[in-house]
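**Q** So that we are looking at the same thing, I have put the structure below in structure tokens.
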Amino acid sequence: MSTYTASATLDFPDIWQEFQNITDLLCAHNMEHEPRKDAAFFSSPLGTALLVPENGQLHIHVTANQPASFNRLKHDLTILIDFITQPKTIEFDWAGDAIGATYPPDLRILDVLETAHPSPGIRRIRFRGENLAQYAVPDQIHCRLMFPKTHGKHSQAQWPKLDDNGKIIWPEGGKLASRIYTIRKIDILAGTLDIDFVIHKSPGPGISWAMAAQPGDSVGMLGPAGNGPKPASEYLLIGDETGLPGIARILEGLPTNARGNALIEVSDKSEIQILNAPQGFQIHWLCRNGDAPGTSTVLIEKLRILDLSAHSDTLFCWVGTEYTGFNDIRSYLRTEIGIPKSRLVAFAHWRRSMSEEDVIAAGSEKI
Ligand SMILES: Cc1cc2nc3c(=O)[nH]c(=O)nc-3n(C[C@H](O)[C@H](O)[C@H](O)COP(=O)(O)OP(=O)(O)OC[C@H]3O[C@@H](n4cnc5c(N)ncnc54)[C@H](O)[C@@H]3O)c2cc1C
């Protein structure tokens, strides 16, 4: 088996300030971290990466056994580190083996099988795809969907490739919009997976595509990513409608004797779903009752009156909600309850009045 290797050195004046943020972000993207003296080593299904910070520079060395994984690994490191440094862009110039442009190894083309409405505000789409085993991982429950410009069936040639510098080569017709979603349910034997799209009023490529989707339409999927639940004596799961698919999937995967609380913000009672939760779980449905999505404080208010003191040493917390609520909840759990980073997985799923492109341009400081 061949091993492909490449290196890059980045000028990075505040590398020591950002090194922990880079490490955390890579861990949330399916990379396992092994601390080394003055360095960090990562392994993932794609290959390995060694990051060495030194004198205002970051040295990166990657290895992979498959050509497509090799380009994907360089791409992941490029975009994740670039996200941390935004609005400043860092130039990557990879030296080493060059194998030409390849399709991402995780690219799957999914076709819409059927659509449903588990509640008035959710459009559930069941997709059919091949070779989905890599996506059926309980602690990596998120994926990125790429939306073609036209509806209908699309072949592999219509999706992007990655070049030797890890850069995306878009297909003829130009860049495709993409958004992050949670895999609500996956059945690798049947070759199906479900995504619950939260219906919202501001136009965006994700919701526009989902609302118009018909059986037979294709999307591209990349991933998985995420950081899911870790074994704990007590769980606390918190989310708005965009976090509900993750909470529902986590609840279904926990041992039957698991205990904890789930706090779920929805617009009103019509959005309440029947969840398959362990018996020792309390599900708290919190209605915004007229407040716009992303403006309500029902989650943090409920959180403040939960008695977490008995379990704060062993509690595992998962949070997926709008940015403002996410910030309040994360800071309450970290500073007032004392939950360490290792027992908290928290994502800002969206940000009011900002598209995903706006959020990426704003960079990690504002996330
Ligand atoms: C880890 C992760 C998992 C996620 N899982 C899911 C999931 O399973 N289901 C799901 O529906 N979303 C999920 N999201 C959120 C989803 O990616 C965003 O809502 C995304 O912005 C939707 O893209 P869009 O093209 O519809 O809107 P964008 O083009 O991104 O935004 C356009 C406008 O719509 C507003 N907007 C975006 N989302 C919402 C919303 N939910 N409610 C009200 N206004 C909104 C924005 O503030 C902006 O003003 C997840 C996000 C992350 C990071």
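Residues in the structure tokens are named by chain (A, B, ... in the order shown) and by number from 1 within that chain; ligands are numbered from 1 in the order shown.
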Can you check which parts of stretch 261-362 of chain A lie within 8 Å of stretch 103-126 of chain A? Per residue, the shortest pair of atoms and distance in Å to one decimal, counting only C-alpha atoms, sorted by chain and number, as CSV.

**A**
residue,atom,partner,partner_atom,distance
A:Ser270,CA,A:Ser119,CA,6.7
A:Glu271,CA,A:Ser119,CA,5.3
A:Ile272,CA,A:Ser119,CA,7.4
A:Gln273,CA,A:Ser119,CA,7.2

**Q** Now that the selection is made, can you save its residues with N, CA, C and O atoms as a PDB file, in the first residue's frame?

**A**
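So out_11.pdb came out as:
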ATOM      1  N   SER A 270     -47.953  22.574  18.569  1.00  0.00           N
ATOM      2  CA  SER A 270     -48.136  21.728  17.381  1.00  0.00           C
ATOM      3  C   SER A 270     -46.809  21.118  16.917  1.00  0.00           C
ATOM      4  O   SER A 270     -46.794  20.205  16.102  1.00  0.00           O
ATOM      5  N   GLU A 271     -45.678  21.637  17.431  1.00  0.00           N
ATOM      6  CA  GLU A 271     -44.361  21.133  17.014  1.00  0.00           C
ATOM      7  C   GLU A 271     -43.843  20.000  17.907  1.00  0.00           C
ATOM      8  O   GLU A 271     -42.745  19.482  17.688  1.00  0.00           O
ATOM      9  N   ILE A 272     -44.615  19.645  18.936  1.00  0.00           N
ATOM     10  CA  ILE A 272     -44.148  18.595  19.853  1.00  0.00           C
ATOM     11  C   ILE A 272     -44.208  17.239  19.148  1.00  0.00           C
ATOM     12  O   ILE A 272     -45.219  16.895  18.536  1.00  0.00           O
ATOM     13  N   GLN A 273     -43.103  16.502  19.202  1.00  0.00           N
ATOM     14  CA  GLN A 273     -43.050  15.172  18.570  1.00  0.00           C
ATOM     15  C   GLN A 273     -42.982  14.099  19.655  1.00  0.00           C
ATOM     16  O   GLN A 273     -42.545  14.374  20.778  1.00  0.00           O
TER      17      GLN A 273
END

**Q** Within 6 Å of stretch 127-142 of chain A, counting only C-alpha atoms, which residues show up once you throw out same-chain ones fewer than 2 positions away? Write them as number ranges by chain, please.

**A** A: 110-113, 181-183, 188, 191-193, 224-228

**Q** Go ahead and save the picked residues with N, CA and C atoms, as a compact mmCIF listing (two decimals), in the first residue's frame.

**A**
# COMPACT_ATOMS: atom_id res chain seq x y z
N LEU A 110 -27.13 11.37 -2.94
CA LEU A 110 -28.39 10.88 -2.37
C LEU A 110 -29.54 11.30 -3.27
N ASP A 111 -30.52 10.42 -3.42
CA ASP A 111 -31.72 10.78 -4.18
C ASP A 111 -32.92 10.82 -3.24
N VAL A 112 -33.77 11.81 -3.43
CA VAL A 112 -34.97 11.92 -2.59
C VAL A 112 -35.88 10.72 -2.87
N LEU A 113 -36.28 10.05 -1.76
CA LEU A 113 -37.18 8.90 -1.89
C LEU A 113 -38.61 9.36 -1.61
N TYR A 181 -26.48 19.72 8.17
CA TYR A 181 -27.70 19.14 8.74
C TYR A 181 -27.34 17.94 9.61
N THR A 182 -28.33 17.51 10.40
CA THR A 182 -28.15 16.35 11.26
C THR A 182 -28.81 15.15 10.60
N ILE A 183 -28.12 14.02 10.64
CA ILE A 183 -28.74 12.80 10.13
C ILE A 183 -29.68 12.29 11.23
N ILE A 188 -28.42 1.55 7.10
CA ILE A 188 -27.45 1.24 6.03
C ILE A 188 -27.89 0.03 5.20
N GLY A 191 -30.27 1.40 2.88
CA GLY A 191 -29.64 2.47 2.09
C GLY A 191 -30.44 3.77 2.15
N THR A 192 -31.02 4.07 3.34
CA THR A 192 -31.81 5.30 3.46
C THR A 192 -31.33 6.14 4.63
N LEU A 193 -31.54 7.44 4.54
CA LEU A 193 -31.33 8.31 5.70
C LEU A 193 -32.33 9.46 5.66
N PRO A 224 -19.02 12.18 7.80
CA PRO A 224 -19.79 12.87 8.83
C PRO A 224 -18.87 13.68 9.74
N ALA A 225 -19.49 14.48 10.62
CA ALA A 225 -18.73 15.26 11.61
C ALA A 225 -19.60 15.42 12.84
N GLY A 226 -19.03 15.99 13.90
CA GLY A 226 -19.95 16.36 14.96
C GLY A 226 -19.58 16.26 16.41
N ASN A 227 -18.98 15.20 16.89
CA ASN A 227 -18.82 15.00 18.34
C ASN A 227 -20.18 14.74 18.99
N GLY A 228 -20.44 13.52 19.33
CA GLY A 228 -21.73 13.18 19.92
C GLY A 228 -21.61 12.94 21.41

**Q** From the list A:Trp285, A:Trp318, A:Phe197, A:Tyr235, which residue is nearest ligand 1 when using only C-alpha atoms and all ligand atoms?

**A**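 Once distances to ligand 1 are computed over only C-alpha atoms and all ligand atoms, the minimum belongs to A:Phe197.
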
**Q** Identify, counting only C-alpha atoms and all ligand atoms, the protein, DNA and RNA residues located within 6 Å of ligand 1, and give them as a PyMOL selection string.

**A** chain A and resi 142+179-182+196-198+200+202-207+242+245+293+347-356

**Q** Write down as a list in words the residues belonging to stretch 233-316 of chain A that are assigned alpha helix (DSSP H) by DSSP computed on the backbone.

**A**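 So the alpha helix (DSSP H) residues in stretch 233-316 of chain A would be Leu244, Pro245, Gly246, Ile247, Ala248, Arg249, Ile250, Leu251, Glu252, Gly253, Val298, Leu299, Ile300, Glu301, Lys302, Leu303, Arg304 and Ile305 of chain A.
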
**Q** Output N, CA, C and O atoms for every residue in the selection just made, as a PDB file, in the first residue's frame.

**A**
ATOM      1  N   LEU A 244     -33.330  19.615  17.556  1.00  0.00           N
ATOM      2  CA  LEU A 244     -34.236  18.492  17.851  1.00  0.00           C
ATOM      3  C   LEU A 244     -33.849  17.194  17.128  1.00  0.00           C
ATOM      4  O   LEU A 244     -33.862  16.119  17.754  1.00  0.00           O
ATOM      5  N   PRO A 245     -33.451  17.237  15.831  1.00  0.00           N
ATOM      6  CA  PRO A 245     -33.056  15.966  15.198  1.00  0.00           C
ATOM      7  C   PRO A 245     -31.885  15.303  15.920  1.00  0.00           C
ATOM      8  O   PRO A 245     -31.849  14.075  16.067  1.00  0.00           O
ATOM      9  N   GLY A 246     -30.930  16.113  16.397  1.00  0.00           N
ATOM     10  CA  GLY A 246     -29.778  15.560  17.120  1.00  0.00           C
ATOM     11  C   GLY A 246     -30.208  14.988  18.460  1.00  0.00           C
ATOM     12  O   GLY A 246     -29.800  13.887  18.847  1.00  0.00           O
ATOM     13  N   ILE A 247     -31.058  15.724  19.184  1.00  0.00           N
ATOM     14  CA  ILE A 247     -31.524  15.245  20.496  1.00  0.00           C
ATOM     15  C   ILE A 247     -32.295  13.938  20.322  1.00  0.00           C
ATOM     16  O   ILE A 247     -32.083  12.967  21.056  1.00  0.00           O
ATOM     17  N   ALA A 248     -33.181  13.910  19.313  1.00  0.00           N
ATOM     18  CA  ALA A 248     -33.993  12.701  19.090  1.00  0.00           C
ATOM     19  C   ALA A 248     -33.091  11.511  18.784  1.00  0.00           C
ATOM     20  O   ALA A 248     -33.294  10.405  19.300  1.00  0.00           O
ATOM     21  N   ARG A 249     -32.069  11.735  17.959  1.00  0.00           N
ATOM     22  CA  ARG A 249     -31.182  10.613  17.591  1.00  0.00           C
ATOM     23  C   ARG A 249     -30.338  10.175  18.787  1.00  0.00           C
ATOM     24  O   ARG A 249     -30.138   8.977  19.010  1.00  0.00           O
ATOM     25  N   ILE A 250     -29.852  11.133  19.569  1.00  0.00           N
ATOM     26  CA  ILE A 250     -29.048  10.774  20.749  1.00  0.00           C
ATOM     27  C   ILE A 250     -29.905   9.969  21.727  1.00  0.00           C
ATOM     28  O   ILE A 250     -29.483   8.935  22.249  1.00  0.00           O
ATOM     29  N   LEU A 251     -31.146  10.428  21.965  1.00  0.00           N
ATOM     30  CA  LEU A 251     -32.030   9.719  22.911  1.00  0.00           C
ATOM     31  C   LEU A 251     -32.241   8.272  22.474  1.00  0.00           C
ATOM     32  O   LEU A 251     -32.227   7.348  23.289  1.00  0.00           O
ATOM     33  N   GLU A 252     -32.424   8.073  21.162  1.00  0.00           N
ATOM     34  CA  GLU A 252     -32.664   6.706  20.661  1.00  0.00           C
ATOM     35  C   GLU A 252     -31.437   5.817  20.830  1.00  0.00           C
ATOM     36  O   GLU A 252     -31.563   4.603  20.936  1.00  0.00           O
ATOM     37  N   GLY A 253     -30.245   6.439  20.869  1.00  0.00           N
ATOM     38  CA  GLY A 253     -29.015   5.646  20.940  1.00  0.00           C
ATOM     39  C   GLY A 253     -28.504   5.417  22.350  1.00  0.00           C
ATOM     40  O   GLY A 253     -27.575   4.631  22.550  1.00  0.00           O
ATOM     41  N   VAL A 298     -36.487  31.010  26.476  1.00  0.00           N
ATOM     42  CA  VAL A 298     -37.106  29.913  27.240  1.00  0.00           C
ATOM     43  C   VAL A 298     -36.090  28.842  27.654  1.00  0.00           C
ATOM     44  O   VAL A 298     -36.205  28.258  28.737  1.00  0.00           O
ATOM     45  N   LEU A 299     -35.078  28.590  26.811  1.00  0.00           N
ATOM     46  CA  LEU A 299     -34.118  27.522  27.143  1.00  0.00           C
ATOM     47  C   LEU A 299     -33.269  27.907  28.351  1.00  0.00           C
ATOM     48  O   LEU A 299     -33.150  27.142  29.312  1.00  0.00           O
ATOM     49  N   ILE A 300     -32.676  29.102  28.312  1.00  0.00           N
ATOM     50  CA  ILE A 300     -31.786  29.497  29.418  1.00  0.00           C
ATOM     51  C   ILE A 300     -32.595  29.685  30.709  1.00  0.00           C
ATOM     52  O   ILE A 300     -32.124  29.345  31.802  1.00  0.00           O
ATOM     53  N   GLU A 301     -33.840  30.169  30.580  1.00  0.00           N
ATOM     54  CA  GLU A 301     -34.665  30.336  31.796  1.00  0.00           C
ATOM     55  C   GLU A 301     -34.934  28.985  32.449  1.00  0.00           C
ATOM     56  O   GLU A 301     -34.819  28.829  33.666  1.00  0.00           O
ATOM     57  N   LYS A 302     -35.277  27.987  31.639  1.00  0.00           N
ATOM     58  CA  LYS A 302     -35.548  26.649  32.187  1.00  0.00           C
ATOM     59  C   LYS A 302     -34.261  26.043  32.764  1.00  0.00           C
ATOM     60  O   LYS A 302     -34.269  25.428  33.838  1.00  0.00           O
ATOM     61  N   LEU A 303     -33.164  26.257  32.043  1.00  0.00           N
ATOM     62  CA  LEU A 303     -31.883  25.707  32.492  1.00  0.00           C
ATOM     63  C   LEU A 303     -31.516  26.247  33.873  1.00  0.00           C
ATOM     64  O   LEU A 303     -31.054  25.510  34.749  1.00  0.00           O
ATOM     65  N   ARG A 304     -31.742  27.537  34.077  1.00  0.00           N
ATOM     66  CA  ARG A 304     -31.363  28.161  35.352  1.00  0.00           C
ATOM     67  C   ARG A 304     -32.142  27.591  36.531  1.00  0.00           C
ATOM     68  O   ARG A 304     -31.680  27.656  37.659  1.00  0.00           O
ATOM     69  N   ILE A 305     -33.353  27.058  36.283  1.00  0.00           N
ATOM     70  CA  ILE A 305     -34.108  26.535  37.435  1.00  0.00           C
ATOM     71  C   ILE A 305     -33.985  25.008  37.578  1.00  0.00           C
ATOM     72  O   ILE A 305     -34.547  24.422  38.492  1.00  0.00           O
TER      73      ILE A 305
END

**Q** Give me the residues within 7 Å of stretch 288-292 of chain A as a tab-separated table (two decimals) with all heavy atoms, in the first residue's frame, counting only C-alpha atoms and dropping any in the same chain fewer than 3 places off.

**A**
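Below you can see result.tsv, which holds the result:
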chain	number	residue	atom	x	y	z
A	265	GLU	N	-36.73	23.75	22.57
A	265	GLU	CA	-37.51	24.95	22.24
A	265	GLU	C	-38.21	24.76	20.90
A	265	GLU	O	-37.57	24.41	19.91
A	265	GLU	CB	-36.56	26.16	22.15
A	265	GLU	CG	-37.27	27.42	21.69
A	265	GLU	CD	-36.29	28.53	21.32
A	265	GLU	OE1	-35.27	28.71	22.02
A	265	GLU	OE2	-36.56	29.22	20.32
A	266	VAL	N	-39.53	24.99	20.89
A	266	VAL	CA	-40.30	24.91	19.64
A	266	VAL	C	-41.21	26.13	19.56
A	266	VAL	O	-41.41	26.83	20.56
A	266	VAL	CB	-41.15	23.61	19.56
A	266	VAL	CG1	-40.28	22.39	19.36
A	266	VAL	CG2	-42.04	23.45	20.78
A	267	SER	N	-41.79	26.38	18.37
A	267	SER	CA	-42.62	27.58	18.24
A	267	SER	C	-43.88	27.46	19.10
A	267	SER	O	-44.24	28.38	19.83
A	267	SER	CB	-42.97	27.83	16.78
A	267	SER	OG	-43.71	26.73	16.29
A	268	ASP	N	-44.57	26.32	19.02
A	268	ASP	CA	-45.79	26.13	19.82
A	268	ASP	C	-46.06	24.63	19.96
A	268	ASP	O	-45.30	23.80	19.46
A	268	ASP	CB	-46.98	26.85	19.17
A	268	ASP	CG	-47.18	26.41	17.74
A	268	ASP	OD1	-47.21	25.19	17.52
A	268	ASP	OD2	-47.27	27.26	16.84
A	295	THR	N	-35.01	34.51	19.16
A	295	THR	CA	-35.15	35.66	20.08
A	295	THR	C	-35.61	35.24	21.46
A	295	THR	O	-35.67	36.05	22.38
A	295	THR	CB	-36.19	36.68	19.55
A	295	THR	OG1	-37.47	36.04	19.52
A	295	THR	CG2	-35.82	37.18	18.16
A	296	SER	N	-35.97	33.97	21.62
A	296	SER	CA	-36.59	33.54	22.87
A	296	SER	C	-35.54	33.18	23.92
A	296	SER	O	-34.42	32.77	23.59
A	296	SER	CB	-37.47	32.32	22.59
A	296	SER	OG	-37.89	31.75	23.79
A	298	VAL	N	-36.49	31.01	26.48
A	298	VAL	CA	-37.11	29.91	27.24
A	298	VAL	C	-36.09	28.84	27.65
A	298	VAL	O	-36.21	28.26	28.74
A	298	VAL	CB	-38.30	29.25	26.49
A	298	VAL	CG1	-39.50	30.17	26.46
A	298	VAL	CG2	-37.91	28.79	25.10

**Q** I need the strand (DSSP E or B) residues of stretch 91-239 of chain A per DSSP on the backbone, written as a ChimeraX atom specification.

**A** /A:95-96,102,108-119,122-128,137,140,142-147,161-162,168-169,177-182,185-187,192-198,218-225,234-239

**Q** So what do you get for atom CA of A:Asp187 versus atom CA of A:Gly243, distance-wise?

**A** 20.6 Å

**Q** Write out as a list in words the residues lying within 8 Å of stretch 329-340 of chain A, counting only C-alpha atoms and excluding same-chain residues fewer than 5 positions away.

**A**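 Near neighbours after the sequence-gap exclusion: Leu299, Ile300, Leu303, Leu308, Ser309, Ser312, Asp313, Leu315, Val319 and Ala346 of chain A.
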
**Q** Would you write out those residues with N, CA, C and O atoms, as a PDB file, in the first residue's frame?

**A**
ATOM      1  N   LEU A 299     -35.078  28.590  26.811  1.00  0.00           N
ATOM      2  CA  LEU A 299     -34.118  27.522  27.143  1.00  0.00           C
ATOM      3  C   LEU A 299     -33.269  27.907  28.351  1.00  0.00           C
ATOM      4  O   LEU A 299     -33.150  27.142  29.312  1.00  0.00           O
ATOM      5  N   ILE A 300     -32.676  29.102  28.312  1.00  0.00           N
ATOM      6  CA  ILE A 300     -31.786  29.497  29.418  1.00  0.00           C
ATOM      7  C   ILE A 300     -32.595  29.685  30.709  1.00  0.00           C
ATOM      8  O   ILE A 300     -32.124  29.345  31.802  1.00  0.00           O
ATOM      9  N   LEU A 303     -33.164  26.257  32.043  1.00  0.00           N
ATOM     10  CA  LEU A 303     -31.883  25.707  32.492  1.00  0.00           C
ATOM     11  C   LEU A 303     -31.516  26.247  33.873  1.00  0.00           C
ATOM     12  O   LEU A 303     -31.054  25.510  34.749  1.00  0.00           O
ATOM     13  N   LEU A 308     -28.927  21.075  38.938  1.00  0.00           N
ATOM     14  CA  LEU A 308     -27.889  20.224  38.342  1.00  0.00           C
ATOM     15  C   LEU A 308     -26.799  19.879  39.344  1.00  0.00           C
ATOM     16  O   LEU A 308     -25.871  19.147  39.025  1.00  0.00           O
ATOM     17  N   SER A 309     -26.911  20.427  40.572  1.00  0.00           N
ATOM     18  CA  SER A 309     -25.785  20.321  41.510  1.00  0.00           C
ATOM     19  C   SER A 309     -25.422  18.873  41.842  1.00  0.00           C
ATOM     20  O   SER A 309     -24.248  18.530  41.940  1.00  0.00           O
ATOM     21  N   SER A 312     -23.299  17.521  38.740  1.00  0.00           N
ATOM     22  CA  SER A 312     -22.417  18.360  37.920  1.00  0.00           C
ATOM     23  C   SER A 312     -21.048  17.723  37.686  1.00  0.00           C
ATOM     24  O   SER A 312     -20.365  18.047  36.730  1.00  0.00           O
ATOM     25  N   ASP A 313     -20.650  16.755  38.536  1.00  0.00           N
ATOM     26  CA  ASP A 313     -19.342  16.104  38.345  1.00  0.00           C
ATOM     27  C   ASP A 313     -19.360  15.059  37.240  1.00  0.00           C
ATOM     28  O   ASP A 313     -18.308  14.663  36.739  1.00  0.00           O
ATOM     29  N   LEU A 315     -22.060  14.992  34.739  1.00  0.00           N
ATOM     30  CA  LEU A 315     -23.058  15.349  33.726  1.00  0.00           C
ATOM     31  C   LEU A 315     -22.406  15.512  32.361  1.00  0.00           C
ATOM     32  O   LEU A 315     -21.343  16.116  32.246  1.00  0.00           O
ATOM     33  N   VAL A 319     -25.489  20.647  23.239  1.00  0.00           N
ATOM     34  CA  VAL A 319     -26.284  21.844  22.940  1.00  0.00           C
ATOM     35  C   VAL A 319     -26.251  22.127  21.439  1.00  0.00           C
ATOM     36  O   VAL A 319     -25.177  22.120  20.828  1.00  0.00           O
ATOM     37  N   ALA A 346     -21.113  21.653  22.198  1.00  0.00           N
ATOM     38  CA  ALA A 346     -22.073  22.739  21.937  1.00  0.00           C
ATOM     39  C   ALA A 346     -21.824  23.330  20.556  1.00  0.00           C
ATOM     40  O   ALA A 346     -20.689  23.638  20.205  1.00  0.00           O
TER      41      ALA A 346
END

**Q** Find the residues around A:Pro231 up to 10 Å (only C-alpha atoms counted), leave out those fewer than 4 positions away in its own chain, and share them as a PDB file with N, CA and C atoms, in the first residue's frame.

**A**
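Saved the output as around09.pdb:
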ATOM      1  N   TYR A 235     -27.390  13.001  31.679  1.00  0.00           N
ATOM      2  CA  TYR A 235     -27.256  13.769  30.431  1.00  0.00           C
ATOM      3  C   TYR A 235     -28.132  15.012  30.469  1.00  0.00           C
ATOM      4  N   LEU A 254     -29.086   6.097  23.358  1.00  0.00           N
ATOM      5  CA  LEU A 254     -28.573   5.954  24.728  1.00  0.00           C
ATOM      6  C   LEU A 254     -29.017   4.622  25.332  1.00  0.00           C
ATOM      7  N   PRO A 255     -28.266   4.100  26.319  1.00  0.00           N
ATOM      8  CA  PRO A 255     -28.707   2.874  26.991  1.00  0.00           C
ATOM      9  C   PRO A 255     -30.068   3.090  27.657  1.00  0.00           C
ATOM     10  N   ALA A 258     -30.273   5.091  30.842  1.00  0.00           N
ATOM     11  CA  ALA A 258     -29.704   6.453  30.891  1.00  0.00           C
ATOM     12  C   ALA A 258     -30.700   7.409  31.536  1.00  0.00           C
ATOM     13  N   THR A 314     -20.552  14.570  36.899  1.00  0.00           N
ATOM     14  CA  THR A 314     -20.610  13.458  35.944  1.00  0.00           C
ATOM     15  C   THR A 314     -21.565  13.745  34.791  1.00  0.00           C
ATOM     16  N   LEU A 315     -22.060  14.992  34.739  1.00  0.00           N
ATOM     17  CA  LEU A 315     -23.058  15.349  33.726  1.00  0.00           C
ATOM     18  C   LEU A 315     -22.406  15.512  32.361  1.00  0.00           C
ATOM     19  N   PHE A 316     -23.058  14.985  31.298  1.00  0.00           N
ATOM     20  CA  PHE A 316     -22.603  15.274  29.942  1.00  0.00           C
ATOM     21  C   PHE A 316     -23.649  16.160  29.273  1.00  0.00           C
ATOM     22  N   ARG A 343     -16.798  17.577  28.781  1.00  0.00           N
ATOM     23  CA  ARG A 343     -18.149  17.026  28.965  1.00  0.00           C
ATOM     24  C   ARG A 343     -19.219  17.948  28.386  1.00  0.00           C
TER      25      ARG A 343
END

**Q** What does the structure give for the distance between atom CA of A:Asp14 and atom CA of A:Leu50, in Å to one decimal?

**A**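 Going from atom CA of A:Asp14 over to atom CA of A:Leu50, I get 18.5 Å.
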
**Q** Using only C-alpha atoms, find the one residue out of A:Ala68, A:Leu237, A:Ile79, A:Cys143 that sits nearest to A:Ile22.

**A**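 Of all the options, A:Ile79 lies closest to A:Ile22.
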
**Q** For A:Met146, which of A:Val219, A:Lys185, A:His75, A:Thr102 is the closest residue, counting only C-alpha atoms?

**A**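 Of A:Val219, A:Lys185, A:His75, A:Thr102, the one nearest A:Met146, counting only C-alpha atoms, is A:Val219.
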
**Q** What gap, in Å, lies between atom CA of A:Ser218 and atom CA of A:Asn71?

**A**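 Going from atom CA of A:Ser218 over to atom CA of A:Asn71 covers 24.2 Å.
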
**Q** Would you mind telling me which residue in A:Gly174, A:Gly239, A:Gly220, A:Pro67 lies nearest to A:Gln156 when using only C-alpha atoms?

**A** A:Gly220
